[in-house]
file data-v5.pdb (PDB, C-alpha atoms, pLDDT in the B column)
MODEL        1
ATOM      1  CA  GLY A   1      67.022  79.335  24.462  1.00 51.00           C
ATOM      2  CA  SER A   2      69.152  80.941  27.093  1.00 58.00           C
ATOM      3  CA  LEU A   3      72.864  81.297  26.428  1.00 59.00           C
ATOM      4  CA  LEU A   4      73.602  81.192  30.144  1.00 62.00           C
ATOM      5  CA  THR A   5      74.247  77.808  31.723  1.00 65.00           C
ATOM      6  CA  LYS A   6      74.025  77.141  35.460  1.00 64.00           C
ATOM      7  CA  HIS A   7      77.840  77.259  35.654  1.00 62.00           C
ATOM      8  CA  ASN A   8      78.003  80.556  33.775  1.00 74.00           C
ATOM      9  CA  VAL A   9      75.311  82.105  36.002  1.00 76.00           C
ATOM     10  CA  ASN A  10      77.071  80.976  39.186  1.00 76.00           C
ATOM     11  CA  SER A  11      80.398  82.418  38.038  1.00 86.00           C
ATOM     12  CA  LEU A  12      78.950  85.769  36.916  1.00 88.00           C
ATOM     13  CA  ASP A  13      79.174  87.373  40.377  1.00 88.00           C
ATOM     14  CA  VAL A  14      82.934  86.792  40.559  1.00 89.00           C
ATOM     15  CA  LYS A  15      83.509  87.923  36.969  1.00 92.00           C
ATOM     16  CA  ILE A  16      81.404  91.080  37.351  1.00 92.00           C
ATOM     17  CA  ASP A  17      83.031  91.974  40.668  1.00 89.00           C
ATOM     18  CA  SER A  18      86.506  91.531  39.186  1.00 91.00           C
ATOM     19  CA  LEU A  19      85.581  93.811  36.267  1.00 91.00           C
ATOM     20  CA  PHE A  20      84.216  96.466  38.653  1.00 89.00           C
ATOM     21  CA  ASN A  21      87.425  96.267  40.710  1.00 88.00           C
ATOM     22  CA  LYS A  22      89.696  96.304  37.668  1.00 91.00           C
ATOM     23  CA  TYR A  23      88.085  99.218  35.821  1.00 91.00           C
ATOM     24  CA  GLN A  24      86.392 101.056  38.721  1.00 88.00           C
ATOM     25  CA  PRO A  25      83.774 102.662  36.470  1.00 90.00           C
ATOM     26  CA  ASP A  26      81.983 105.822  37.578  1.00 90.00           C
ATOM     27  CA  VAL A  27      78.810 104.671  35.840  1.00 93.00           C
ATOM     28  CA  ILE A  28      77.488 101.179  35.201  1.00 94.00           C
ATOM     29  CA  LEU A  29      74.848 100.800  32.470  1.00 94.00           C
ATOM     30  CA  THR A  30      72.687  97.703  32.173  1.00 95.00           C
ATOM     31  CA  MET A  31      69.215  96.483  31.352  1.00 93.00           C
ATOM     32  CA  GLY A  32      66.606  96.869  34.042  1.00 93.00           C
ATOM     33  CA  PRO A  33      65.210  93.841  35.846  1.00 93.00           C
ATOM     34  CA  GLU A  34      62.634  93.434  33.059  1.00 92.00           C
ATOM     35  CA  GLY A  35      65.438  92.722  30.547  1.00 91.00           C
ATOM     36  CA  ALA A  36      64.192  95.380  28.066  1.00 87.00           C
ATOM     37  CA  TYR A  37      61.853  92.952  26.353  1.00 86.00           C
ATOM     38  CA  GLY A  38      61.760  90.059  28.794  1.00 87.00           C
ATOM     39  CA  ASP A  39      64.896  88.341  27.511  1.00 87.00           C
ATOM     40  CA  PRO A  40      65.881  85.828  30.229  1.00 89.00           C
ATOM     41  CA  ASP A  41      69.619  86.370  29.709  1.00 88.00           C
ATOM     42  CA  HIS A  42      69.172  90.148  30.047  1.00 90.00           C
ATOM     43  CA  CYS A  43      67.127  89.648  33.242  1.00 93.00           C
ATOM     44  CA  ILE A  44      69.805  87.403  34.771  1.00 91.00           C
ATOM     45  CA  VAL A  45      72.653  89.744  33.850  1.00 91.00           C
ATOM     46  CA  SER A  46      70.744  92.739  35.264  1.00 95.00           C
ATOM     47  CA  SER A  47      70.076  90.847  38.479  1.00 94.00           C
ATOM     48  CA  LYS A  48      73.697  89.781  38.844  1.00 93.00           C
ATOM     49  CA  ILE A  49      75.076  93.268  38.112  1.00 94.00           C
ATOM     50  CA  THR A  50      72.636  94.824  40.583  1.00 93.00           C
ATOM     51  CA  GLY A  51      73.512  92.254  43.247  1.00 92.00           C
ATOM     52  CA  VAL A  52      77.268  92.776  42.885  1.00 91.00           C
ATOM     53  CA  PHE A  53      76.762  96.555  42.826  1.00 91.00           C
ATOM     54  CA  GLN A  54      74.771  96.458  46.070  1.00 88.00           C
ATOM     55  CA  ARG A  55      77.323  94.291  47.871  1.00 86.00           C
ATOM     56  CA  GLY A  56      80.429  96.164  46.796  1.00 75.00           C
ATOM     57  CA  PRO A  57      81.847  98.242  49.632  1.00 68.00           C
ATOM     58  CA  SER A  58      83.755 100.496  47.230  1.00 65.00           C
ATOM     59  CA  ARG A  59      80.736 101.384  45.111  1.00 64.00           C
ATOM     60  CA  LEU A  60      79.847 104.617  46.939  1.00 65.00           C
ATOM     61  CA  GLY A  61      81.031 106.882  44.113  1.00 73.00           C
ATOM     62  CA  GLN A  62      79.544 104.731  41.377  1.00 84.00           C
ATOM     63  CA  ARG A  63      76.122 104.946  39.766  1.00 90.00           C
ATOM     64  CA  LEU A  64      74.076 102.074  38.426  1.00 93.00           C
ATOM     65  CA  LEU A  65      71.708 103.054  35.625  1.00 95.00           C
ATOM     66  CA  TYR A  66      69.081 100.987  33.825  1.00 95.00           C
ATOM     67  CA  ILE A  67      68.227 101.808  30.221  1.00 92.00           C
ATOM     68  CA  GLY A  68      64.599 102.755  29.729  1.00 91.00           C
ATOM     69  CA  PHE A  69      62.209 103.079  26.829  1.00 86.00           C
ATOM     70  CA  THR A  70      59.235 105.418  26.929  1.00 86.00           C
ATOM     71  CA  MET A  71      55.792 104.689  25.567  1.00 80.00           C
ATOM     72  CA  GLU A  72      56.206 107.902  23.551  1.00 79.00           C
ATOM     73  CA  SER A  73      59.284 106.559  21.782  1.00 71.00           C
ATOM     74  CA  LEU A  74      57.458 103.355  20.951  1.00 70.00           C
ATOM     75  CA  SER A  75      54.288 105.091  19.803  1.00 70.00           C
ATOM     76  CA  LYS A  76      56.275 107.087  17.229  1.00 62.00           C
ATOM     77  CA  VAL A  77      56.783 103.952  15.175  1.00 63.00           C
ATOM     78  CA  MET A  78      53.283 102.497  15.456  1.00 63.00           C
ATOM     79  CA  GLU A  79      52.773 103.121  11.758  1.00 63.00           C
ATOM     80  CA  LEU A  80      55.717 100.865  10.835  1.00 64.00           C
ATOM     81  CA  ASN A  81      54.438  97.430   9.970  1.00 65.00           C
ATOM     82  CA  THR A  82      57.463  95.120   9.773  1.00 70.00           C
ATOM     83  CA  GLY A  83      57.763  91.851  11.684  1.00 76.00           C
ATOM     84  CA  LEU A  84      60.479  93.107  14.025  1.00 75.00           C
ATOM     85  CA  VAL A  85      58.632  96.359  14.762  1.00 72.00           C
ATOM     86  CA  LYS A  86      55.475  94.373  15.544  1.00 77.00           C
ATOM     87  CA  TRP A  87      57.511  92.181  17.879  1.00 79.00           C
ATOM     88  CA  PHE A  88      58.943  95.233  19.681  1.00 76.00           C
ATOM     89  CA  LYS A  89      55.455  96.721  20.014  1.00 78.00           C
ATOM     90  CA  GLU A  90      54.280  93.541  21.725  1.00 83.00           C
ATOM     91  CA  ASN A  91      57.342  92.823  23.878  1.00 86.00           C
ATOM     92  CA  LEU A  92      59.308  95.981  24.687  1.00 85.00           C
ATOM     93  CA  LYS A  93      58.886  96.912  28.346  1.00 90.00           C
ATOM     94  CA  THR A  94      58.382 100.659  28.685  1.00 89.00           C
ATOM     95  CA  THR A  95      58.949 102.921  31.684  1.00 91.00           C
ATOM     96  CA  GLN A  96      57.038 106.000  32.772  1.00 91.00           C
ATOM     97  CA  LYS A  97      58.979 108.970  31.437  1.00 90.00           C
ATOM     98  CA  GLU A  98      59.027 110.759  34.809  1.00 90.00           C
ATOM     99  CA  LEU A  99      61.020 107.828  36.276  1.00 89.00           C
ATOM    100  CA  LEU A 100      63.688 108.196  33.588  1.00 92.00           C
ATOM    101  CA  SER A 101      65.612 111.013  35.226  1.00 92.00           C
ATOM    102  CA  TYR A 102      68.735 110.579  33.090  1.00 93.00           C
ATOM    103  CA  ARG A 103      68.014 111.992  29.635  1.00 92.00           C
ATOM    104  CA  ILE A 104      71.229 111.912  27.674  1.00 91.00           C
ATOM    105  CA  PRO A 105      71.397 113.796  24.361  1.00 89.00           C
ATOM    106  CA  ILE A 106      72.722 111.671  21.517  1.00 85.00           C
ATOM    107  CA  GLU A 107      74.061 112.720  18.163  1.00 85.00           C
ATOM    108  CA  LYS A 108      73.811 111.067  14.751  1.00 81.00           C
ATOM    109  CA  ASP A 109      77.416 109.850  15.139  1.00 86.00           C
ATOM    110  CA  ASP A 110      76.374 108.042  18.340  1.00 85.00           C
ATOM    111  CA  PHE A 111      73.696 106.158  16.405  1.00 81.00           C
ATOM    112  CA  GLU A 112      76.242 105.151  13.760  1.00 83.00           C
ATOM    113  CA  ILE A 113      78.567 103.745  16.435  1.00 88.00           C
ATOM    114  CA  ALA A 114      75.648 101.875  18.037  1.00 84.00           C
ATOM    115  CA  ARG A 115      74.528 100.530  14.649  1.00 82.00           C
ATOM    116  CA  ALA A 116      78.034  99.213  13.956  1.00 87.00           C
ATOM    117  CA  ALA A 117      78.217  97.618  17.430  1.00 87.00           C
ATOM    118  CA  LEU A 118      74.818  95.948  17.029  1.00 84.00           C
ATOM    119  CA  GLY A 119      75.909  94.685  13.629  1.00 83.00           C
ATOM    120  CA  CYS A 120      78.661  92.698  15.375  1.00 87.00           C
ATOM    121  CA  HIS A 121      75.960  90.429  16.879  1.00 81.00           C
ATOM    122  CA  LYS A 122      75.831  88.412  13.671  1.00 80.00           C
ATOM    123  CA  THR A 123      74.298  85.338  15.324  1.00 79.00           C
ATOM    124  CA  GLN A 124      71.382  87.402  16.650  1.00 76.00           C
ATOM    125  CA  PHE A 125      70.664  90.028  13.989  1.00 77.00           C
ATOM    126  CA  THR A 126      70.768  90.174  10.212  1.00 81.00           C
ATOM    127  CA  PRO A 127      71.783  93.517   8.643  1.00 82.00           C
ATOM    128  CA  GLU A 128      68.102  94.045   7.773  1.00 81.00           C
ATOM    129  CA  MET A 129      67.101  93.533  11.415  1.00 79.00           C
ATOM    130  CA  VAL A 130      69.713  96.060  12.546  1.00 80.00           C
ATOM    131  CA  GLU A 131      68.219  98.624  10.180  1.00 78.00           C
ATOM    132  CA  GLU A 132      64.715  97.874  11.501  1.00 76.00           C
ATOM    133  CA  ILE A 133      65.904  98.267  15.087  1.00 76.00           C
ATOM    134  CA  PHE A 134      67.267 101.680  14.220  1.00 75.00           C
ATOM    135  CA  LEU A 135      63.967 102.631  12.622  1.00 69.00           C
ATOM    136  CA  VAL A 136      62.444 101.998  16.053  1.00 66.00           C
ATOM    137  CA  PHE A 137      65.143 103.479  18.263  1.00 66.00           C
ATOM    138  CA  GLY A 138      66.294 106.165  15.868  1.00 61.00           C
ATOM    139  CA  GLU A 139      63.101 108.049  16.707  1.00 54.00           C
ATOM    140  CA  THR A 140      63.914 108.834  20.329  1.00 51.00           C
ATOM    141  CA  GLU A 141      64.056 112.627  20.041  1.00 57.00           C
ATOM    142  CA  GLY A 142      67.854 112.518  20.083  1.00 80.00           C
ATOM    143  CA  THR A 143      67.752 111.300  23.686  1.00 85.00           C
ATOM    144  CA  ILE A 144      68.543 108.017  25.393  1.00 87.00           C
ATOM    145  CA  PHE A 145      66.826 107.424  28.720  1.00 91.00           C
ATOM    146  CA  PHE A 146      68.067 105.782  31.915  1.00 93.00           C
ATOM    147  CA  ARG A 147      66.640 105.367  35.377  1.00 91.00           C
ATOM    148  CA  PRO A 148      68.943 105.156  38.372  1.00 89.00           C
ATOM    149  CA  PHE A 149      69.086 102.188  40.716  1.00 88.00           C
ATOM    150  CA  GLN A 150      68.704 104.801  43.440  1.00 77.00           C
ATOM    151  CA  MET A 151      65.682 106.811  42.353  1.00 61.00           C
ATOM    152  CA  SER A 152      65.860 110.574  42.027  1.00 64.00           C
ATOM    153  CA  ASP A 153      63.346 113.153  40.862  1.00 64.00           C
ATOM    154  CA  GLN A 154      66.094 115.379  39.467  1.00 77.00           C
ATOM    155  CA  ILE A 155      66.415 115.515  35.677  1.00 81.00           C
ATOM    156  CA  LYS A 156      69.985 115.064  34.484  1.00 83.00           C
ATOM    157  CA  VAL A 157      71.476 115.744  31.057  1.00 86.00           C
ATOM    158  CA  ASP A 158      74.931 114.353  31.771  1.00 86.00           C
ATOM    159  CA  ILE A 159      75.659 110.691  32.532  1.00 82.00           C
ATOM    160  CA  LEU A 160      78.353 111.733  35.022  1.00 80.00           C
ATOM    161  CA  GLN A 161      76.017 113.890  37.182  1.00 73.00           C
TER     162      GLN A 161
ENDMDL
END

call {"tool": "encode", "arguments": {"input": "data-v5.pdb", "output": "structure tokens"}}
result
Amino acid sequence: GSLLTKHNVNSLDVKIDSLFNKYQPDVILTMGPEGAYGDPDHCIVSSKITGVFQRGPSRLGQRLLYIGFTMESLSKVMELNTGLVKWFKENLKTTQKELLSYRIPIEKDDFEIARAALGCHKTQFTPEMVEEIFLVFGETEGTIFFRPFQMSDQIKVDILQ
């Protein structure tokens, strides 16, 4: 079930806006409206972040980016036959590669940091599941993809462009 209660959802706007004002990030990264794999909490958080971003008068220098997964990255693991990989194959929402204009190179060290961070979600993932997830997403050609809230046909290789 969803971890977000009605109270939590209603207070998200204020909390997100206060974080934007406190940290004034240049770039905001979130799930797209599809919630990566349809997760209702991810969809709500994406919607709330996008709404606050659109309303904020001081957001002109900021960029809102949605993470994206290509069909190519998913097709690379079609031969894997584990339960979690099957689930991703059936549920992961992919995006046309040409819409993913932010293509950020990632190094092996980046994957290790991400693996450690994902491992902190002990109520959601077992260590075995974390390893399976990285079998899927470790095959992304050393690139992580994002699409901007404001579409652009320019390819970028730097998140701060």

call {"tool": "atom_distance", "arguments": {"input": "data-v5.pdb", "atom1": "CA of Ile16 in chain A", "atom2": "CA of Lys48 in chain A"}}
result
8.0 Å

call {"tool": "atom_distance", "arguments": {"input": "data-v5.pdb", "atom1": "CA of Lys122 in chain A", "atom2": "CA of Val85 in chain A"}}
result
19.0 Å

call {"tool": "atom_distance", "arguments": {"input": "data-v5.pdb", "atom1": "CA of Gln24 in chain A", "atom2": "CA of Pro40 in chain A"}}
result
26.9 Å

call {"tool": "resolve_selection", "arguments": {"input": "data-v5.pdb", "expression": "the PyMOL selection byres ((chain A and resi 21) around 12)", "output": "list in words"}}
result
Val14, Lys15, Ile16, Asp17, Ser18, Leu19, Phe20, Lys22, Tyr23, Gln24, Pro25, Asp26, Val52, Phe53, Gly56, Pro57, Ser58, Arg59 and Gln62 of chain A

call {"tool": "closest_residue", "arguments": {"input": "data-v5.pdb", "among": "A:Gln161, A:Thr143, A:Ser75, A:Thr50", "to": "Phe111 in chain A", "atoms": "only C-alpha atoms"}}
result
A:Thr143

call {"tool": "closest_residue", "arguments": {"input": "data-v5.pdb", "among": "A:Val130, A:Cys43, A:Leu74, A:Ile159", "to": "Pro105 in chain A", "atoms": "only C-alpha atoms"}}
result
A:Ile159

call {"tool": "closest_residue", "arguments": {"input": "data-v5.pdb", "among": "A:Leu92, A:Cys120, A:Val27, A:Leu12", "to": "Ile49 in chain A", "atoms": "all atoms listed in the file"}}
result
A:Leu12

call {"tool": "residues_near_point", "arguments": {"input": "data-v5.pdb", "point": "(69.6, 111.0, 29.7)", "cutoff": "9 Å", "atoms": "all atoms listed in the file", "output": "ChimeraX atom specification"}}
result
/A:100-106,143-147,155-159

call {"tool": "write_last_selection", "arguments": {"input": "data-v5.pdb", "atoms": "C-alpha atoms", "output": "PDB file, in the coordinates of the input"}}
result
ATOM      1  CA  LEU A 100      63.688 108.196  33.588  1.00 92.00           C
ATOM      2  CA  SER A 101      65.612 111.013  35.226  1.00 92.00           C
ATOM      3  CA  TYR A 102      68.735 110.579  33.090  1.00 93.00           C
ATOM      4  CA  ARG A 103      68.014 111.992  29.635  1.00 92.00           C
ATOM      5  CA  ILE A 104      71.229 111.912  27.674  1.00 91.00           C
ATOM      6  CA  PRO A 105      71.397 113.796  24.361  1.00 89.00           C
ATOM      7  CA  ILE A 106      72.722 111.671  21.517  1.00 85.00           C
ATOM      8  CA  THR A 143      67.752 111.300  23.686  1.00 85.00           C
ATOM      9  CA  ILE A 144      68.543 108.017  25.393  1.00 87.00           C
ATOM     10  CA  PHE A 145      66.826 107.424  28.720  1.00 91.00           C
ATOM     11  CA  PHE A 146      68.067 105.782  31.915  1.00 93.00           C
ATOM     12  CA  ARG A 147      66.640 105.367  35.377  1.00 91.00           C
ATOM     13  CA  ILE A 155      66.415 115.515  35.677  1.00 81.00           C
ATOM     14  CA  LYS A 156      69.985 115.064  34.484  1.00 83.00           C
ATOM     15  CA  VAL A 157      71.476 115.744  31.057  1.00 86.00           C
ATOM     16  CA  ASP A 158      74.931 114.353  31.771  1.00 86.00           C
ATOM     17  CA  ILE A 159      75.659 110.691  32.532  1.00 82.00           C
TER      18      ILE A 159
END

call {"tool": "closest_residue", "arguments": {"input": "data-v5.pdb", "among": "A:Gln96, A:Thr30, A:Thr82, A:Thr123", "to": "Leu64 in chain A", "atoms": "all atoms listed in the file"}}
result
A:Thr30

call {"tool": "resolve_selection", "arguments": {"input": "data-v5.pdb", "expression": "the PyMOL selection byres ((chain A and resi 46) around 9)", "output": "VMD selection string"}}
result
chain A and resid 30 to 35 41 to 45 47 to 51 66

call {"tool": "closest_residue", "arguments": {"input": "data-v5.pdb", "among": "A:Leu84, A:Phe149, A:Gly61, A:Glu90", "to": "Glu128 in chain A", "atoms": "only C-alpha atoms"}}
result
A:Leu84

call {"tool": "closest_residue", "arguments": {"input": "data-v5.pdb", "among": "A:Phe88, A:Ile67, A:Gly119, A:Glu131", "to": "Leu29 in chain A", "atoms": "all atoms listed in the file"}}
result
A:Ile67

call {"tool": "residues_near_point", "arguments": {"input": "data-v5.pdb", "point": "(51.9, 103.3, 30.8)", "cutoff": "9 Å", "atoms": "all atoms listed in the file", "output": "list in words"}}
result
Thr70, Met71, Thr94, Thr95 and Gln96 of chain A

call {"tool": "resolve_selection", "arguments": {"input": "data-v5.pdb", "expression": "the PyMOL selection byres ((chain A and resi 115) around 12)", "output": "PyMOL selection string"}}
result
chain A and resi 108-114+116-121+125-135+137-138
